[in-house]
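One structure below.
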Amino acid sequence: MVYNILDYLEASAALCPDKTAFEDLEHSFTYGEVLDYARHMGSGLARILAPNRPVPVLMEKEAWTLNIFLGAVCAGCFYTLVDSSLPAERIQTILSTLKAEVLVTSKTYIDKAQALEFGGQICLMEDLAKEPIEEKMLSDRRRAACDTDPLYAIFTSGSTGVPKGVVVSHRSVIDFTEHFVRIFGIEREDVIGNQAPFDFDVSVKDIYPALKTGATLEVIPKKYFSVPKKLLDFLDDRKVTTLTWAVSAVCIISMLKGFRYKVPKSIRRVMFSGEVMPVKHLNYWRSYLPDALYVNLYGPTEITCNCTYYRLDREFAEDEVLPIGETFPNERVFLLDEKDQLLTRPGELGEICVCGTALALGYYRNWEKTEEVFVQNPLNTCYREPMYRTGDLGRYNERGELFYVTRKDFQIKHMGHRIELGEIEAALQALEHMERACCIFDEPNTKILCFYVGELEAKEIIRQLTEKLPRFMIPNIFCRVEQMPITKNGKIDRKRLMTDYQEKQHR
């Protein structure tokens, strides 16, 4: 029985101590070394901190960072990556929310750490790695731990502009990892190519399946995702077998026709999440890697990565949308209408809601927001059953397949009609010579804006859309952009698109 993520690390270190666990361009650590570093760092942190205290880590995405995470866990604490490239004000907000007593960083980022208004202790990873191991202290911390203790906190953007810290327990990650590894057949021989930042929950699907199975995790440099040749060389040279990437990262290769340069034949799994995958880009991948497993994953940070998955088992036309599939074991996913009534019939639009072990513990030191979305399941009036309201809208088709339609925030009232912007985007994505498309509702001016990357002129887009959509769904304004701005989590940056558009209007 697994109660703590360290059980995974210890088992892999015992079975394959000399096998590479984490690797980037500059550093490589075996499972034996990772466990050793975790114990040294954990001892140093345990001398300073009580159990279950936050350990913010001011670093970037690199192999060393993962050693620090596991050191925090060894101390009986939980970690939070604080990306060193973030603005000082946002870092300050995160540290204030955590009320952190320590900040772990390296010599590389010490100047940034010291420039912060941080009243706690700044610890260097180089020093923590040399701390003597305190066997009794580590043993006592481990014995007192529960699987409901927090493992990490990931700060997501809040609608008010204030970041929310999603706190996730060992139990939730263990439960998800067990099913994820089994369902997709991840093994010790696999090489996982990490794309996601470590403060984005997609990375959890890289880190913990690797720890459980003894697979190797290759940390792909962020800069390679703007240089497809280097990215493809990396995947080929490192013999990467498994990709769990944001949709935008997958689309980079297909938009730039990267496989004309090289096809990494080692790739066996391509799993994607975060946004709706345009079928056009997916079909490009399938044409070059037809034998790979392709999986559409769905789920927000608050339910530990994903709650549904869809293995592609058939061909899809470019104007189709992929199902989000079936529910992961030990989770319950269903649709509720505005009156909290269960929806099961095809075509009915409802909010996607989730119950089960995978639910996060809530938002750190933010009870009001926690109680707003982590609620009692209204279908259960007999006992306490926490449910998470995703804020996403979905529907079933005639085959009983569940589809993500749009965000609640993206459902608009326009010209007397209720419209899902996601439906317009799906129609746009299917057009020939359309690379990417994003629709935003300019509410003050009651106009639908279409931002797109592609060769088409507005008149031609309108002509083609008229064959697919009613007139009231045709965007009012078309803005061609050279490329879509992407958030650090790999999603289309809608705020940036709107800000750039408004600035142009005021010139």
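In the structure tokens, chains take letters A, B, ... by order of appearance, with residues numbered from 1 within each chain and ligands from 1 in the order shown.
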
Contacts of Lys230 of chain A within 12 Å, only C-alpha atoms, excl. fewer than 6 positions in-chain, as a list of chain:residue names = A:Ile220, A:Pro221, A:Lys222, A:Lys223, A:Tyr224, A:Asp236, A:Asp237, A:Arg238, A:Ile253, A:Gly258, A:Tyr261, A:Lys262, A:Pro264

Deliver the residues from the most recent selection as a file, using N, CA, C and O atoms, as a PDB file, in the first residue's frame.
```
ATOM      1  N   ILE A 220      12.873  19.006 -21.102  1.00  0.00           N
ATOM      2  CA  ILE A 220      13.128  19.667 -22.387  1.00  0.00           C
ATOM      3  C   ILE A 220      13.260  21.168 -22.159  1.00  0.00           C
ATOM      4  O   ILE A 220      12.378  21.778 -21.547  1.00  0.00           O
ATOM      5  N   PRO A 221      14.327  21.796 -22.623  1.00  0.00           N
ATOM      6  CA  PRO A 221      14.474  23.242 -22.442  1.00  0.00           C
ATOM      7  C   PRO A 221      13.311  24.011 -23.066  1.00  0.00           C
ATOM      8  O   PRO A 221      12.861  23.684 -24.174  1.00  0.00           O
ATOM      9  N   LYS A 222      12.836  25.008 -22.343  1.00  0.00           N
ATOM     10  CA  LYS A 222      11.714  25.813 -22.826  1.00  0.00           C
ATOM     11  C   LYS A 222      12.009  26.430 -24.193  1.00  0.00           C
ATOM     12  O   LYS A 222      11.145  26.478 -25.078  1.00  0.00           O
ATOM     13  N   LYS A 223      13.245  26.876 -24.391  1.00  0.00           N
ATOM     14  CA  LYS A 223      13.605  27.569 -25.635  1.00  0.00           C
ATOM     15  C   LYS A 223      13.476  26.667 -26.860  1.00  0.00           C
ATOM     16  O   LYS A 223      13.316  27.153 -27.988  1.00  0.00           O
ATOM     17  N   TYR A 224      13.533  25.346 -26.669  1.00  0.00           N
ATOM     18  CA  TYR A 224      13.445  24.434 -27.806  1.00  0.00           C
ATOM     19  C   TYR A 224      12.064  24.440 -28.449  1.00  0.00           C
ATOM     20  O   TYR A 224      11.916  24.027 -29.604  1.00  0.00           O
ATOM     21  N   ASP A 236      14.638  12.841 -30.486  1.00  0.00           N
ATOM     22  CA  ASP A 236      15.253  11.712 -31.177  1.00  0.00           C
ATOM     23  C   ASP A 236      16.512  11.237 -30.456  1.00  0.00           C
ATOM     24  O   ASP A 236      16.698  10.040 -30.227  1.00  0.00           O
ATOM     25  N   ASP A 237      17.369  12.184 -30.071  1.00  0.00           N
ATOM     26  CA  ASP A 237      18.631  11.827 -29.409  1.00  0.00           C
ATOM     27  C   ASP A 237      18.398  11.147 -28.063  1.00  0.00           C
ATOM     28  O   ASP A 237      19.117  10.211 -27.694  1.00  0.00           O
ATOM     29  N   ARG A 238      17.388  11.632 -27.329  1.00  0.00           N
ATOM     30  CA  ARG A 238      17.125  11.068 -25.991  1.00  0.00           C
ATOM     31  C   ARG A 238      16.172   9.873 -26.038  1.00  0.00           C
ATOM     32  O   ARG A 238      15.807   9.330 -25.004  1.00  0.00           O
ATOM     33  N   ILE A 253       4.775  21.882 -33.586  1.00  0.00           N
ATOM     34  CA  ILE A 253       5.429  21.021 -34.574  1.00  0.00           C
ATOM     35  C   ILE A 253       4.587  20.911 -35.842  1.00  0.00           C
ATOM     36  O   ILE A 253       5.112  20.981 -36.961  1.00  0.00           O
ATOM     37  N   GLY A 258       7.171  20.396 -38.814  1.00  0.00           N
ATOM     38  CA  GLY A 258       8.447  19.942 -38.281  1.00  0.00           C
ATOM     39  C   GLY A 258       8.860  18.551 -38.702  1.00  0.00           C
ATOM     40  O   GLY A 258      10.054  18.262 -38.838  1.00  0.00           O
ATOM     41  N   TYR A 261      11.418  17.645 -41.310  1.00  0.00           N
ATOM     42  CA  TYR A 261      12.838  17.623 -40.945  1.00  0.00           C
ATOM     43  C   TYR A 261      13.233  16.282 -40.321  1.00  0.00           C
ATOM     44  O   TYR A 261      14.213  15.663 -40.705  1.00  0.00           O
ATOM     45  N   LYS A 262      12.444  15.840 -39.360  1.00  0.00           N
ATOM     46  CA  LYS A 262      12.787  14.593 -38.672  1.00  0.00           C
ATOM     47  C   LYS A 262      11.566  14.063 -37.935  1.00  0.00           C
ATOM     48  O   LYS A 262      10.796  14.836 -37.357  1.00  0.00           O
ATOM     49  N   PRO A 264      10.897  11.556 -34.828  1.00  0.00           N
ATOM     50  CA  PRO A 264      11.466  10.708 -33.765  1.00  0.00           C
ATOM     51  C   PRO A 264      10.670   9.404 -33.642  1.00  0.00           C
ATOM     52  O   PRO A 264       9.563   9.392 -33.122  1.00  0.00           O
TER      53      PRO A 264
END
```

Would you list, as number ranges by chain, the residues of segment 99-235 of chain A that end up in helix (DSSP H, G or I) under DSSP run on this structure's backbone?
-> A: 107-115, 125-128, 135-144, 170-184, 201-213, 222-226, 228-235

As a ChimeraX atom specification, please: all residues of segment 173-228 of chain A that backbone DSSP puts in strand (DSSP E or B).
-> /A:191-194,216-219

Taking only C-alpha atoms into account, which of A:Ser139, A:Asn377, A:Thr499, A:Asn296 comes nearest Val333 of chain A?
-> A:Asn377

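Contact shell of Leu359 of chain A at 8 Å (only C-alpha atoms; same-chain neighbours under 5 positions omitted): Val168, Ser172, Glu302, Ile303, Thr304, Val354, Met387 and Tyr388 of chain A.
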
What lies within 6 Å of segment 420-433 of chain A using only C-alpha atoms, ignoring chain neighbours under 5 positions off, as a PyMOL selection string?
-> chain A and resi 318-319+405-406+410-411+454-455

Show which residues sit within 7 Å of segment 205-210 of chain A, as an MDAnalysis selection string. Count only C-alpha atoms, and ignore same-chain residues fewer than 5 positions away.
-> chainID A and resid 177 181 192 194 215:217

Which residues, written as a ChimeraX atom specification, have at least one atom at most 12 Å from Asn445 of chain A, with only C-alpha atoms counted and residues fewer than 6 positions away on the same chain left out?
-> /A:414-415,476-477,502

Residues just named, written with C-alpha atoms as a PDB file, in the first residue's frame:
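The result, stored in again.pdb:
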```
ATOM      1  CA  HIS A 414     -25.143  38.032 -28.572  1.00  0.00           C
ATOM      2  CA  MET A 415     -27.911  39.370 -30.832  1.00  0.00           C
ATOM      3  CA  ASN A 476     -17.808  40.716 -36.369  1.00  0.00           C
ATOM      4  CA  ILE A 477     -14.100  41.527 -36.495  1.00  0.00           C
ATOM      5  CA  GLN A 502      -7.355  47.561 -27.601  1.00  0.00           C
TER       6      GLN A 502
END
```

Give the answer as one residue: which of A:Ala317, A:Val481, A:Val270, A:Met1 has the shortest atom-to-atom distance to Cys450 of chain A, using only C-alpha atoms?
->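 Looking at the shortest contact to Cys450 of chain A, the residue is A:Val481.
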
Nearby residues (only C-alpha atoms) at most 8 Å from Tyr37 of chain A, same-chain spacing under 5 positions excluded, as a list in words = Asn67, Gly71 and Ala129 of chain A

Residue nearest Ala38 of chain A among A:Tyr404, A:Phe69, A:Phe451, A:Phe22 (counting only C-alpha atoms) |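 Nearest to Ala38 of chain A: A:Phe69.
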